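Okay, work-v1.cif now, which holds mmCIF, C-alpha atoms and all ligand atoms:
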```cif
data_query
loop_
_atom_site.label_atom_id
_atom_site.label_comp_id
_atom_site.auth_asym_id
_atom_site.auth_seq_id
_atom_site.Cartn_x
_atom_site.Cartn_y
_atom_site.Cartn_z
CA MET L 1 167.02 153.30 180.84
CA SER L 2 170.79 153.37 180.35
CA ARG L 3 173.01 151.14 182.47
CA ALA L 4 174.57 154.15 184.12
CA SER L 5 171.27 155.69 185.03
CA SER L 6 169.80 152.45 186.35
CA LEU L 7 172.92 152.02 188.42
CA ARG L 8 172.45 155.51 189.72
CA LYS L 9 168.81 154.77 190.58
CA LEU L 10 169.94 151.64 192.40
CA LEU L 11 172.61 153.51 194.29
CA LYS L 12 170.11 156.19 195.10
CA ARG L 13 167.81 153.59 196.61
CA HIS L 14 170.63 152.04 198.61
CA PHE L 15 171.73 155.42 199.79
CA ALA L 16 168.20 156.13 200.88
CA LEU L 17 168.27 152.92 202.87
CA GLY L 18 171.24 154.13 204.82
CA LEU L 19 174.02 152.25 203.10
CA SER L 20 175.47 155.65 202.46
CA ILE L 21 176.82 155.75 205.95
CA LEU L 22 178.82 152.58 205.30
CA ILE L 23 180.06 153.50 201.85
CA ALA L 24 180.64 157.13 202.47
CA GLY L 25 182.17 156.53 205.84
CA ALA L 26 185.33 155.37 204.14
CA ILE L 27 185.95 158.75 202.59
CA ALA L 28 184.24 161.01 204.98
CA ILE L 29 185.45 163.69 207.21
CA SER L 30 182.88 164.75 209.69
CA ALA L 31 181.91 168.34 209.25
CA GLY L 32 183.52 170.64 211.73
CA HIS L 33 186.77 168.73 211.80
CA ASN L 34 189.72 169.18 209.51
CA SER L 35 191.94 166.46 208.15
CA LYS L 36 193.99 166.41 211.33
CA GLY L 37 190.86 165.81 213.33
CA THR L 38 191.03 169.02 215.31
CA ALA L 39 187.94 170.96 216.20
CA SER L 40 186.59 173.50 213.76
CA ASN L 41 187.22 177.20 213.55
CA ALA L 42 187.95 178.17 217.11
CA GLN L 43 187.83 181.95 216.66
CA ALA L 44 184.43 183.38 217.43
CA THR L 45 182.85 184.74 214.29
CA PRO L 46 180.43 187.65 214.52
CA PRO L 47 176.86 186.75 213.70
CA ASN L 48 176.19 186.79 209.99
CA PRO L 49 173.44 189.27 209.13
CA ILE L 50 172.09 186.86 206.56
CA ASP L 51 171.82 183.19 207.30
CA PRO L 52 172.47 180.84 204.35
CA LEU L 53 169.04 179.36 205.01
CA THR L 54 167.48 182.70 204.06
CA ASP L 55 169.29 182.63 200.72
CA MET L 56 168.33 179.04 200.15
CA GLN L 57 164.68 179.78 200.83
CA ALA L 58 164.76 182.85 198.61
CA LEU L 59 165.98 180.68 195.73
CA VAL L 60 163.52 177.87 196.45
CA SER L 61 160.60 180.32 196.58
CA LEU L 62 161.20 181.10 192.89
CA GLY L 63 160.14 177.54 192.00
CA ALA L 64 162.05 175.32 189.59
CA ARG L 65 165.05 177.23 188.26
CA VAL L 66 165.30 175.67 184.85
CA ALA L 67 168.07 177.18 182.71
CA GLY L 68 166.67 179.63 180.20
CA THR L 69 163.51 180.49 182.16
CA ALA L 70 162.41 183.69 183.89
CA ALA L 71 162.66 182.10 187.36
CA THR L 72 166.34 181.42 186.82
CA GLU L 73 166.96 184.93 185.62
CA LYS L 74 165.32 186.17 188.84
CA ALA L 75 167.58 183.87 190.82
CA SER L 76 170.63 185.35 189.07
CA GLN L 77 169.41 188.83 190.03
CA TYR L 78 169.00 187.78 193.65
CA LEU L 79 172.56 186.46 193.72
CA ILE L 80 173.94 189.60 192.09
CA ASP L 81 172.20 191.75 194.72
CA GLN L 82 173.51 189.64 197.58
CA TYR L 83 177.10 189.59 196.33
CA GLN L 84 177.04 193.33 195.73
CA LYS L 85 175.65 193.93 199.23
CA ALA L 86 178.56 191.87 200.55
CA GLY L 87 181.02 194.19 198.79
CA TYR L 88 181.76 192.19 195.64
CA GLU L 89 181.77 193.18 192.00
CA THR L 90 179.63 190.97 189.83
CA GLU L 91 179.77 189.97 186.20
CA ILE L 92 177.07 188.09 184.35
CA GLN L 93 178.50 185.64 181.88
CA THR L 94 175.74 184.98 179.37
CA PHE L 95 175.87 181.90 177.17
CA THR L 96 173.53 180.19 174.77
CA TYR L 97 173.09 176.55 173.84
CA PRO L 98 170.54 174.53 171.88
CA LYS L 99 167.61 173.65 174.12
CA PHE L 100 164.13 173.05 172.81
CA ARG L 101 161.18 174.20 174.88
CA ASP L 102 157.43 174.28 174.20
CA LEU L 103 156.20 177.59 175.58
CA GLY L 104 152.52 176.62 175.07
CA SER L 105 151.01 175.43 171.80
CA SER L 106 147.43 174.95 170.61
CA LEU L 107 144.99 174.46 167.77
CA GLU L 108 141.93 176.71 167.52
CA ILE L 109 138.93 175.73 165.42
CA GLY L 110 136.40 178.57 165.64
CA SER L 111 135.70 179.05 169.32
CA GLN L 112 137.18 175.67 170.26
CA ALA L 113 140.77 175.77 171.56
CA LEU L 114 142.63 172.48 171.95
CA GLU L 115 145.84 172.32 173.91
CA GLY L 116 148.57 170.62 171.93
CA TRP L 117 152.22 169.79 172.31
CA ALA L 118 154.84 171.09 169.95
CA TYR L 119 156.97 168.24 168.65
CA ASN L 120 160.56 168.34 169.83
CA GLY L 121 162.50 170.08 167.09
CA SER L 122 159.46 171.77 165.54
CA ILE L 123 159.85 175.24 164.13
CA ALA L 124 157.66 177.90 165.70
CA GLY L 125 154.77 179.50 163.88
CA GLN L 126 151.24 180.84 164.02
CA ILE L 127 149.37 179.66 160.96
CA SER L 128 145.74 179.87 159.86
CA GLY L 129 144.24 177.80 157.07
CA ARG L 130 141.91 175.00 156.07
CA LEU L 131 142.24 171.84 158.13
CA VAL L 132 142.57 168.88 155.77
CA ALA L 133 142.29 165.28 156.99
CA ILE L 134 144.88 162.92 155.55
CA PRO L 135 143.61 159.39 154.85
CA ASN L 136 145.40 156.28 156.14
CA ASN L 137 148.81 156.86 157.70
CA GLY L 138 150.10 159.66 155.56
CA GLN L 139 152.16 158.10 152.77
CA PRO L 140 152.96 160.48 149.88
CA ASN L 141 149.99 159.22 147.87
CA ASP L 142 147.66 159.78 150.86
CA PHE L 143 148.71 163.43 150.88
CA ALA L 144 148.32 163.59 147.09
CA SER L 145 144.73 162.37 147.34
CA VAL L 146 143.47 165.47 149.23
CA PRO L 147 143.73 169.26 148.61
CA VAL L 148 146.44 169.85 151.23
CA LYS L 149 148.47 172.50 149.38
CA GLY L 150 148.42 175.71 151.43
CA ALA L 151 146.41 173.98 154.18
CA ILE L 152 147.03 172.56 157.66
CA ALA L 153 147.24 168.76 157.43
CA ILE L 154 145.84 166.58 160.20
CA ALA L 155 147.03 162.97 160.22
CA ARG L 156 147.12 160.03 162.58
CA ARG L 157 150.31 158.77 164.19
CA GLY L 158 151.83 155.53 162.91
CA GLY L 159 153.14 153.69 159.88
CA MET L 160 156.42 155.66 159.60
CA THR L 161 158.66 157.92 161.61
CA PHE L 162 157.35 161.31 162.70
CA SER L 163 159.91 163.05 160.51
CA GLU L 164 158.88 161.05 157.44
CA LYS L 165 155.23 161.98 157.93
CA VAL L 166 156.15 165.64 158.34
CA LYS L 167 158.26 165.56 155.18
CA HIS L 168 155.43 163.98 153.19
CA ALA L 169 153.21 166.84 154.40
CA SER L 170 155.60 169.63 153.51
CA ASP L 171 156.47 167.99 150.16
CA ALA L 172 152.74 168.02 149.37
CA GLY L 173 152.59 171.75 150.15
CA ALA L 174 151.01 171.69 153.62
CA ILE L 175 151.84 174.78 155.69
CA ALA L 176 151.67 172.94 159.05
CA ILE L 177 150.80 169.49 160.34
CA VAL L 178 148.83 168.19 163.30
CA ILE L 179 149.65 164.63 164.34
CA VAL L 180 146.96 162.83 166.34
CA ASN L 181 148.29 160.32 168.86
CA ASN L 182 147.18 156.69 168.58
CA GLU L 183 146.21 156.65 172.25
CA PRO L 184 143.80 158.90 174.20
CA LYS L 185 146.68 160.80 175.84
CA ASN L 186 149.15 163.04 174.08
CA VAL L 187 152.76 162.28 173.21
CA ARG L 188 155.71 164.59 172.75
CA GLY L 189 157.16 163.22 169.55
CA THR L 190 160.74 163.99 168.59
CA LEU L 191 161.72 164.91 165.06
CA THR L 192 165.04 163.60 163.87
CA THR L 193 165.39 166.05 160.99
CA GLN L 194 164.65 169.76 160.90
CA PRO L 195 161.07 170.14 159.62
CA ALA L 196 160.07 172.75 157.06
CA ILE L 197 156.71 173.38 158.78
CA PRO L 198 155.42 173.59 162.40
CA VAL L 199 154.40 170.25 163.93
CA LEU L 200 151.76 170.02 166.66
CA GLY L 201 150.70 166.88 168.54
CA LEU L 202 147.13 166.35 169.74
CA SER L 203 145.93 163.65 172.12
CA GLY L 204 143.81 160.90 170.63
CA ALA L 205 140.94 162.08 172.83
CA ASP L 206 140.97 165.56 171.26
CA GLY L 207 142.33 164.67 167.86
CA ASP L 208 140.29 161.64 166.75
CA PRO L 209 136.90 163.44 166.77
CA LEU L 210 138.47 166.41 165.01
CA LEU L 211 140.01 164.17 162.37
CA GLU L 212 136.56 162.66 161.72
CA ARG L 213 134.91 166.09 161.43
CA ALA L 214 137.63 167.30 159.06
CA ARG L 215 136.94 164.37 156.71
CA THR L 216 133.43 165.65 155.98
CA ALA L 217 133.23 169.34 156.93
CA VAL L 218 135.22 172.33 155.70
CA LEU L 219 137.07 173.55 158.78
CA THR L 220 139.50 176.40 159.21
CA ALA L 221 141.92 176.44 162.08
CA THR L 222 144.70 178.46 163.64
CA LEU L 223 147.73 176.52 164.77
CA LYS L 224 150.04 178.12 167.30
CA VAL L 225 153.37 176.45 167.90
CA ASN L 226 155.23 178.57 170.38
CA THR L 227 158.69 177.17 170.93
CA GLN L 228 162.15 178.24 171.90
CA LYS L 229 165.20 176.78 170.15
CA ASP L 230 167.96 177.91 172.48
CA ALA L 231 168.38 178.60 176.16
CA VAL L 232 170.01 181.86 177.20
CA ALA L 233 171.68 181.18 180.53
CA ARG L 234 173.80 183.17 182.97
CA ASN L 235 176.76 182.46 185.22
CA VAL L 236 177.07 184.95 188.06
CA ILE L 237 180.72 185.70 188.83
CA ALA L 238 181.64 187.66 191.95
CA HIS L 239 185.03 188.94 193.11
CA LEU L 240 186.49 191.92 194.88
CA PRO L 241 187.35 194.92 192.69
CA GLY L 242 190.64 194.42 190.83
CA VAL L 243 190.91 190.69 191.40
CA THR L 244 191.57 189.44 187.88
CA GLN L 245 193.50 186.27 188.62
CA PRO L 246 192.14 184.23 191.50
CA LYS L 247 193.98 181.28 193.06
CA LEU L 248 190.74 179.49 193.83
CA ILE L 249 187.31 179.26 192.30
CA LEU L 250 184.40 178.39 194.54
CA GLY L 251 181.45 177.28 192.48
CA ALA L 252 177.94 175.87 192.76
CA HIS L 253 175.16 175.54 190.20
CA TYR L 254 171.97 177.45 190.90
CA ASP L 255 169.76 175.96 188.20
CA SER L 256 167.48 172.98 188.87
CA VAL L 257 165.64 170.31 186.88
CA PRO L 258 162.07 170.95 185.64
CA GLY L 259 159.46 170.43 188.35
CA SER L 260 161.94 170.54 191.22
CA PRO L 261 162.53 173.61 193.39
CA GLY L 262 166.09 172.34 193.88
CA ALA L 263 166.59 173.07 197.58
CA ASN L 264 169.37 170.59 198.16
CA ASP L 265 170.21 170.38 194.43
CA ASN L 266 171.49 173.01 194.45
CA ALA L 267 170.26 176.08 196.31
CA SER L 268 172.25 174.53 199.17
CA GLY L 269 175.63 174.77 197.45
CA THR L 270 174.80 178.19 196.03
CA ALA L 271 173.97 179.47 199.53
CA VAL L 272 177.14 177.97 201.02
CA VAL L 273 179.37 179.68 198.44
CA LEU L 274 177.60 182.98 199.11
CA ALA L 275 177.98 182.46 202.87
CA ILE L 276 181.72 181.91 202.47
CA ALA L 277 181.96 185.08 200.39
CA ARG L 278 180.11 187.04 203.06
CA GLN L 279 182.23 185.68 205.82
CA LEU L 280 185.46 186.67 204.04
CA SER L 281 184.26 190.12 203.05
CA ARG L 282 184.32 193.37 204.98
CA SER L 283 180.54 193.48 205.05
CA PHE L 284 180.75 190.89 207.75
CA GLY L 285 181.44 193.48 210.41
CA GLN L 286 185.13 192.82 210.64
CA SER L 287 188.10 193.62 208.43
CA GLN L 288 188.23 191.92 205.08
CA SER L 289 190.07 188.63 205.03
CA PRO L 290 193.12 188.57 202.70
CA LEU L 291 191.74 185.28 201.43
CA SER L 292 188.90 187.12 199.74
CA ARG L 293 191.28 188.68 197.20
CA GLN L 294 192.37 185.25 196.05
CA ILE L 295 188.96 183.84 195.23
CA TRP L 296 186.29 184.10 192.56
CA PHE L 297 182.82 182.97 193.57
CA ILE L 298 180.69 181.59 190.74
CA ALA L 299 177.04 180.55 190.56
CA PHE L 300 176.79 178.34 187.47
CA ASP L 301 173.70 178.04 185.29
CA GLY L 302 172.78 175.15 182.98
CA GLU L 303 174.47 172.43 185.04
CA GLU L 304 171.43 170.19 184.76
CA ASP L 305 171.60 170.45 180.96
CA GLY L 306 175.09 168.92 180.96
CA LEU L 307 177.47 171.22 182.85
CA GLN L 308 176.75 174.01 180.36
CA GLY L 309 177.72 176.93 182.61
CA SER L 310 181.04 175.57 183.80
CA GLN L 311 181.87 174.44 180.24
CA ALA L 312 181.14 177.95 178.95
CA PHE L 313 183.35 179.35 181.70
CA VAL L 314 186.37 177.14 181.02
CA ASN L 315 185.94 177.56 177.26
CA ARG L 316 186.19 181.32 177.60
CA ALA L 317 188.98 181.37 180.17
CA THR L 318 192.56 181.71 178.91
CA PRO L 319 194.92 178.75 179.44
CA GLN L 320 196.99 181.06 181.64
CA PHE L 321 194.02 181.92 183.87
CA LEU L 322 193.26 178.23 184.35
CA SER L 323 196.87 177.18 184.96
CA ASN L 324 197.25 179.83 187.66
CA LEU L 325 194.42 178.29 189.65
CA LYS L 326 195.36 176.20 192.65
CA GLY L 327 191.95 174.65 192.54
CA MET L 328 188.23 174.70 191.97
CA LEU L 329 185.96 173.81 194.88
CA ASN L 330 182.48 172.73 193.83
CA PHE L 331 179.49 172.51 196.17
CA ASP L 332 176.54 170.42 195.06
CA MET L 333 173.89 168.85 197.32
CA VAL L 334 175.43 169.77 200.65
CA ALA L 335 172.51 170.09 203.09
CA VAL L 336 170.89 166.65 203.35
CA ASN L 337 172.69 163.60 204.88
CA SER L 338 175.07 164.05 207.78
CA THR L 339 178.20 162.77 206.03
CA LEU L 340 180.11 165.37 204.08
CA GLN L 341 182.00 163.76 201.24
CA MET L 342 184.90 165.34 199.41
CA GLU L 343 185.96 163.84 196.17
CA GLY L 344 189.00 165.40 194.67
CA SER L 345 192.25 165.61 192.79
CA LEU L 346 195.37 164.06 194.21
CA SER L 347 197.10 167.43 194.53
CA LEU L 348 194.38 168.69 196.88
CA LYS L 349 194.08 165.41 198.71
CA SER L 350 196.06 166.58 201.70
CA PHE L 351 193.41 169.19 202.43
CA THR L 352 190.76 166.57 203.02
CA ARG L 353 190.61 162.90 203.66
CA VAL L 354 189.91 161.63 200.21
CA ASP L 355 189.89 157.93 199.63
CA GLU L 356 191.19 157.31 196.12
CA THR L 357 189.73 153.82 196.03
CA MET L 358 186.26 155.31 196.13
CA MET L 359 187.04 157.74 193.35
CA LYS L 360 188.50 155.01 191.18
CA ASN L 361 185.51 152.74 191.64
CA PRO L 362 182.98 153.86 189.03
CA ALA L 363 180.20 151.95 190.81
CA LEU L 364 180.55 154.21 193.82
CA ARG L 365 181.20 157.43 192.00
CA LEU L 366 178.57 160.08 192.54
CA GLY L 367 176.73 162.13 190.02
CA SER L 368 178.64 164.50 187.87
CA SER L 369 178.78 168.23 188.45
CA ASP L 370 180.62 171.40 187.45
CA HIS L 371 184.01 170.45 188.91
CA ALA L 372 184.28 167.96 186.02
CA SER L 373 184.59 170.86 183.53
CA PHE L 374 187.61 172.19 185.45
CA LYS L 375 189.12 168.77 185.98
CA SER L 376 189.06 168.21 182.23
CA GLN L 377 191.23 171.35 181.91
CA ASN L 378 193.68 169.96 184.48
CA VAL L 379 192.57 172.30 187.26
CA PRO L 380 192.74 170.46 190.62
CA VAL L 381 189.24 170.08 192.07
CA LEU L 382 187.46 169.29 195.31
CA PHE L 383 183.83 168.24 195.20
CA PHE L 384 181.84 168.84 198.39
CA ASN L 385 178.61 166.86 198.55
CA ARG L 386 176.52 164.69 200.82
CA GLY L 387 175.47 162.03 198.34
CA TYR L 388 172.14 160.95 196.94
CA GLU L 389 168.96 161.42 198.90
CA PRO L 390 165.34 160.40 198.32
CA ASN L 391 164.17 163.81 197.04
CA TYR L 392 166.92 164.09 194.41
CA HIS L 393 165.47 165.66 191.22
CA SER L 394 161.92 165.47 192.59
CA PRO L 395 159.25 168.08 193.38
CA ASN L 396 159.92 167.31 197.06
CA ASP L 397 163.43 168.73 197.00
CA LYS L 398 162.27 171.74 199.00
CA THR L 399 163.75 171.40 202.47
CA VAL L 400 167.20 170.82 203.89
CA THR L 401 168.83 170.46 207.29
CA PRO L 402 169.81 174.08 208.03
CA LYS L 403 172.80 173.35 210.26
CA LEU L 404 174.41 171.35 207.46
CA LEU L 405 174.70 174.56 205.42
CA VAL L 406 176.79 176.08 208.19
CA GLU L 407 178.78 172.90 208.74
CA THR L 408 179.65 172.73 205.05
CA LYS L 409 180.68 176.38 205.03
CA ASP L 410 182.96 175.85 208.04
CA ALA L 411 184.51 172.68 206.64
CA ALA L 412 185.16 174.44 203.33
CA LEU L 413 186.72 177.45 205.06
CA GLN L 414 189.22 175.13 206.72
CA SER L 415 190.21 173.61 203.37
CA ILE L 416 190.43 177.07 201.78
CA LYS L 417 192.72 178.38 204.54
CA GLN L 418 195.02 175.40 204.13
CA ILE L 419 195.10 175.50 200.34
CA LEU L 420 195.87 179.23 200.29
CA LYS L 421 198.40 179.08 203.09
N1 LIG M 501 173.72 167.38 191.95
C1 LIG M 501 173.74 166.41 190.89
C2 LIG M 501 174.93 165.48 190.99
C3 LIG M 501 175.03 164.76 192.32
C4 LIG M 501 174.20 163.70 192.60
C5 LIG M 501 175.95 165.15 193.26
C6 LIG M 501 174.31 163.05 193.82
C7 LIG M 501 176.06 164.49 194.47
C8 LIG M 501 175.23 163.45 194.75
C9 LIG M 501 173.78 167.12 189.54
O1 LIG M 501 173.02 168.28 189.53
C10 LIG M 501 173.24 166.16 188.51
O2 LIG M 501 172.10 165.77 188.55
N2 LIG M 501 174.11 165.76 187.59
C11 LIG M 501 173.77 164.81 186.57
C12 LIG M 501 174.72 164.92 185.42
C13 LIG M 501 174.70 166.27 184.72
C14 LIG M 501 175.81 166.33 183.71
C15 LIG M 501 173.36 166.54 184.08
C16 LIG M 501 173.90 163.38 187.12
O3 LIG M 501 174.68 163.16 188.03
O4 LIG M 501 173.21 162.50 186.59
ZN ZN M 502 173.28 169.32 191.29
#
```
Would you kindly transcribe this structure into structure tokens?
Ligand code: BES
Ligand code: ZN
Amino acid sequence: MSRASSLRKLLKRHFALGLSILIAGAIAISAGHNSKGTASNAQATPPNPIDPLTDMQALVSLGARVAGTAATEKASQYLIDQYQKAGYETEIQTFTYPKFRDLGSSLEIGSQALEGWAYNGSIAGQISGRLVAIPNNGQPNDFASVPVKGAIAIARRGGMTFSEKVKHASDAGAIAIVIVNNEPKNVRGTLTTQPAIPVLGLSGADGDPLLERARTAVLTATLKVNTQKDAVARNVIAHLPGVTQPKLILGAHYDSVPGSPGANDNASGTAVVLAIARQLSRSFGQSQSPLSRQIWFIAFDGEEDGLQGSQAFVNRATPQFLSNLKGMLNFDMVAVNSTLQMEGSLSLKSFTRVDETMMKNPALRLGSSDHASFKSQNVPVLFFNRGYEPNYHSPNDKTVTPKLLVETKDAALQSIKQILK
């Protein structure tokens, strides 16, 4: 574990223990109050036809929204529909980045089908041929000692790197290789160089008996390595017709990590941004707010793979577009923990109570998110979040505190009104 990530784990634990109140208290504004400490939004707002909780639940019901998967594409469609219903034009910004994924791989020997794991970096392929057992560990002379040319090699793990073993196999003319783990369970090996042939891992439990059979019997097999090399991901951009140069960008990532339905991280932020858009638009049952013509609303994809969506956005934006922005407001993990934290650039500091000492102390700094991509282009940023919580990046991230969605929306609206004044 890296130092940074163990520190984060430690912080996470402390935060879970309630230290968050103490640490965060220094930089907090309580939701519903602006920087001058006056009460929130006094004008009565008509009831919103769609509660942000409904949006959040709709996103969570799709399961983990991993960038590049069908669930995430469905989520993008949901967001497009909602923004359009609220009177906005939408654009999908598609981008692609290297991301390996095993879509389901196996080895079939007659009627027997064994589930395997594609090695990270393996090429895809469906290949039938003789299954030839490689003696020892799989040095070049081990491969030379058996008729492996045009066949599928099966070898045991160990003695050299995975990539070396694979190269010995392809140099000897094998058309694919199965690597049997040296323990009963399976392992997802990672190849450090691009292999010439597909590479499938089998557990020791499945692979050892097969390796023994292949030493004596003539077996034919079909290897299926079904992998994806790149992720195709989508940012959803919404704005009113004709708004080509916003003053503000409101953003939140809508993807999640594998295995987590990402309720707080970050269906919460996605729902808050959508709720702000609804509130400012004419669909809200009142006349359209002039603020709505100064804002672009963006749901970013691929954040969990390293801020991919916001990076793609800033990379494609012109320098002029970015320099005309007064700011980017990012919402990430905003519906668990009562203390709303706002980390931000000095130029936007007056719109919140931001304690610079916290921001300058790397030990207290929170996780990274999409605002960082804008900050690196010198766009002033504000980061709305409520800190770590026990369900962060876990399968249990499926519920939030509903009123915190509304409180975050109202706190953000106050900042927006002041920034655009
Ligand atoms: N939502 C988190 C960041 C976060 C954590 C914000 C805690 C507020 C409180 C974000 O989705 C995330 O997990 N970011 C990664 C880095 C990213 C570049 C993959 C992180 O912080 O480790
Ligand atoms: Zn997040």
> Which residues come within 6 Å of Asn385 in chain L, counting all atoms listed in the file, excluding same-chain residues fewer than 3 positions away, as a VMD selection string?
Replying inline: chain L and resid 332 to 334 340 to 341
Hey, which residues come within 10 Å of ligand ZN 502 (chain M) if we count all atoms listed in the file? Could you give them as a JSON list (two decimals) with C-alpha atoms, in the frame of the given file?
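The resulting selection02.json:
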```json
[["chain", "number", "residue", "atom", "x", "y", "z"],
["L", 252, "ALA", "CA", 177.94, 175.87, 192.76],
["L", 253, "HIS", "CA", 175.16, 175.54, 190.20],
["L", 254, "TYR", "CA", 171.97, 177.45, 190.90],
["L", 255, "ASP", "CA", 169.76, 175.96, 188.20],
["L", 256, "SER", "CA", 167.48, 172.98, 188.87],
["L", 257, "VAL", "CA", 165.64, 170.31, 186.88],
["L", 262, "GLY", "CA", 166.09, 172.34, 193.88],
["L", 263, "ALA", "CA", 166.59, 173.07, 197.58],
["L", 264, "ASN", "CA", 169.37, 170.59, 198.16],
["L", 265, "ASP", "CA", 170.21, 170.38, 194.43],
["L", 266, "ASN", "CA", 171.49, 173.01, 194.45],
["L", 267, "ALA", "CA", 170.26, 176.08, 196.31],
["L", 268, "SER", "CA", 172.25, 174.53, 199.17],
["L", 269, "GLY", "CA", 175.63, 174.77, 197.45],
["L", 303, "GLU", "CA", 174.47, 172.43, 185.04],
["L", 304, "GLU", "CA", 171.43, 170.19, 184.76],
["L", 307, "LEU", "CA", 177.47, 171.22, 182.85],
["L", 331, "PHE", "CA", 179.49, 172.51, 196.17],
["L", 332, "ASP", "CA", 176.54, 170.42, 195.06],
["L", 333, "MET", "CA", 173.89, 168.85, 197.32],
["L", 334, "VAL", "CA", 175.43, 169.77, 200.65],
["L", 367, "GLY", "CA", 176.73, 162.13, 190.02],
["L", 368, "SER", "CA", 178.64, 164.50, 187.87],
["L", 369, "SER", "CA", 178.78, 168.23, 188.45],
["L", 370, "ASP", "CA", 180.62, 171.40, 187.45],
["L", 385, "ASN", "CA", 178.61, 166.86, 198.55],
["L", 392, "TYR", "CA", 166.92, 164.09, 194.41],
["L", 393, "HIS", "CA", 165.47, 165.66, 191.22]]
```
Mind listing as a short mmCIF file (atom, residue, chain, number, x, y, z; two decimals) with C-alpha atoms, keeping the file's coordinate frame all residues within 8 Å of (185.7, 185.0, 195.7), counting all atoms listed in the file?
```
data_model
loop_
_atom_site.label_atom_id
_atom_site.label_comp_id
_atom_site.auth_asym_id
_atom_site.auth_seq_id
_atom_site.Cartn_x
_atom_site.Cartn_y
_atom_site.Cartn_z
CA ALA L 238 181.64 187.66 191.95
CA HIS L 239 185.03 188.94 193.11
CA LEU L 240 186.49 191.92 194.88
CA PRO L 246 192.14 184.23 191.50
CA LEU L 248 190.74 179.49 193.83
CA ILE L 249 187.31 179.26 192.30
CA LEU L 250 184.40 178.39 194.54
CA ALA L 277 181.96 185.08 200.39
CA SER L 292 188.90 187.12 199.74
CA ARG L 293 191.28 188.68 197.20
CA GLN L 294 192.37 185.25 196.05
CA ILE L 295 188.96 183.84 195.23
CA TRP L 296 186.29 184.10 192.56
CA PHE L 297 182.82 182.97 193.57
CA ILE L 298 180.69 181.59 190.74
#
```
> So which residues are close to (141.4, 160.0, 167.6), meaning at most 12 Å away in the file's coordinates with only C-alpha atoms counted, and can you show them as an NGL selection string?
Replying inline: :L and (133 or 154-157 or 178-186 or 201-214)
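For the residues L:Met56, L:Tyr119, L:Gly125, L:Ala169, ranking by smallest atom-to-atom distance to Thr192 in chain L using all atoms listed in the file places L:Tyr119 first.
One distance worth recording is that between CA of Gln308 in chain L and CA of Lys409 in chain L, which is 25.1 Å.
Comparing L:Gln320, L:Thr408, L:Ser106, L:Gln77 by their smallest distance to Ala118 in chain L, the closest is L:Ser106 (using all atoms listed in the file).
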Report as lines of an AutoDock Vina configuration file the centre and the edge lengths, in Å to one decimal, of the axis-aligned box holding every listed atom of ligand LIG 501 (chain M), padded by 4 Å on each side.
```
center_x = 174.1
center_y = 165.4
center_z = 189.2
size_x = 12.0
size_y = 13.8
size_z = 19.0
```
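Among the candidates L:Gly302, L:Gly116, L:Pro98, L:Gly344, the one nearest to ligand LIG 501 (chain M) when counting all atoms listed in the file is L:Gly302.
You will find CA of Ile92 in chain L at 13.1 Å from CA of Ser310 in chain L.
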> Nearest to Ser128 in chain L: which of L:Thr222, L:Thr161, L:Gln245, L:Thr193 is it, counting only C-alpha atoms?
Replying inline: L:Thr222
Would you mind putting N, CA and C atoms back on range 403-412 of chain L and writing the result as an mmCIF file, in the coordinates of the input?
```
data_model
loop_
_atom_site.group_PDB
_atom_site.id
_atom_site.type_symbol
_atom_site.label_atom_id
_atom_site.label_comp_id
_atom_site.auth_asym_id
_atom_site.auth_seq_id
_atom_site.Cartn_x
_atom_site.Cartn_y
_atom_site.Cartn_z
ATOM 1 N N LYS L 403 171.457 173.296 209.664
ATOM 2 C CA LYS L 403 172.800 173.350 210.260
ATOM 3 C C LYS L 403 173.862 172.758 209.334
ATOM 4 N N LEU L 404 173.442 171.932 208.384
ATOM 5 C CA LEU L 404 174.410 171.350 207.460
ATOM 6 C C LEU L 404 174.970 172.390 206.498
ATOM 7 N N LEU L 405 174.191 173.454 206.248
ATOM 8 C CA LEU L 405 174.700 174.560 205.420
ATOM 9 C C LEU L 405 175.899 175.182 206.123
ATOM 10 N N VAL L 406 175.730 175.434 207.401
ATOM 11 C CA VAL L 406 176.790 176.080 208.190
ATOM 12 C C VAL L 406 177.980 175.135 208.357
ATOM 13 N N GLU L 407 177.683 173.869 208.586
ATOM 14 C CA GLU L 407 178.780 172.900 208.740
ATOM 15 C C GLU L 407 179.603 172.774 207.456
ATOM 16 N N THR L 408 178.927 172.825 206.323
ATOM 17 C CA THR L 408 179.650 172.730 205.050
ATOM 18 C C THR L 408 180.517 173.964 204.845
ATOM 19 N N LYS L 409 179.934 175.126 205.150
ATOM 20 C CA LYS L 409 180.680 176.380 205.030
ATOM 21 C C LYS L 409 181.945 176.324 205.887
ATOM 22 N N ASP L 410 181.809 175.879 207.133
ATOM 23 C CA ASP L 410 182.960 175.850 208.040
ATOM 24 C C ASP L 410 184.016 174.834 207.599
ATOM 25 N N ALA L 411 183.558 173.683 207.131
ATOM 26 C CA ALA L 411 184.510 172.680 206.640
ATOM 27 C C ALA L 411 185.257 173.217 205.420
ATOM 28 N N ALA L 412 184.534 173.898 204.537
ATOM 29 C CA ALA L 412 185.160 174.440 203.330
ATOM 30 C C ALA L 412 186.160 175.531 203.694
#
```
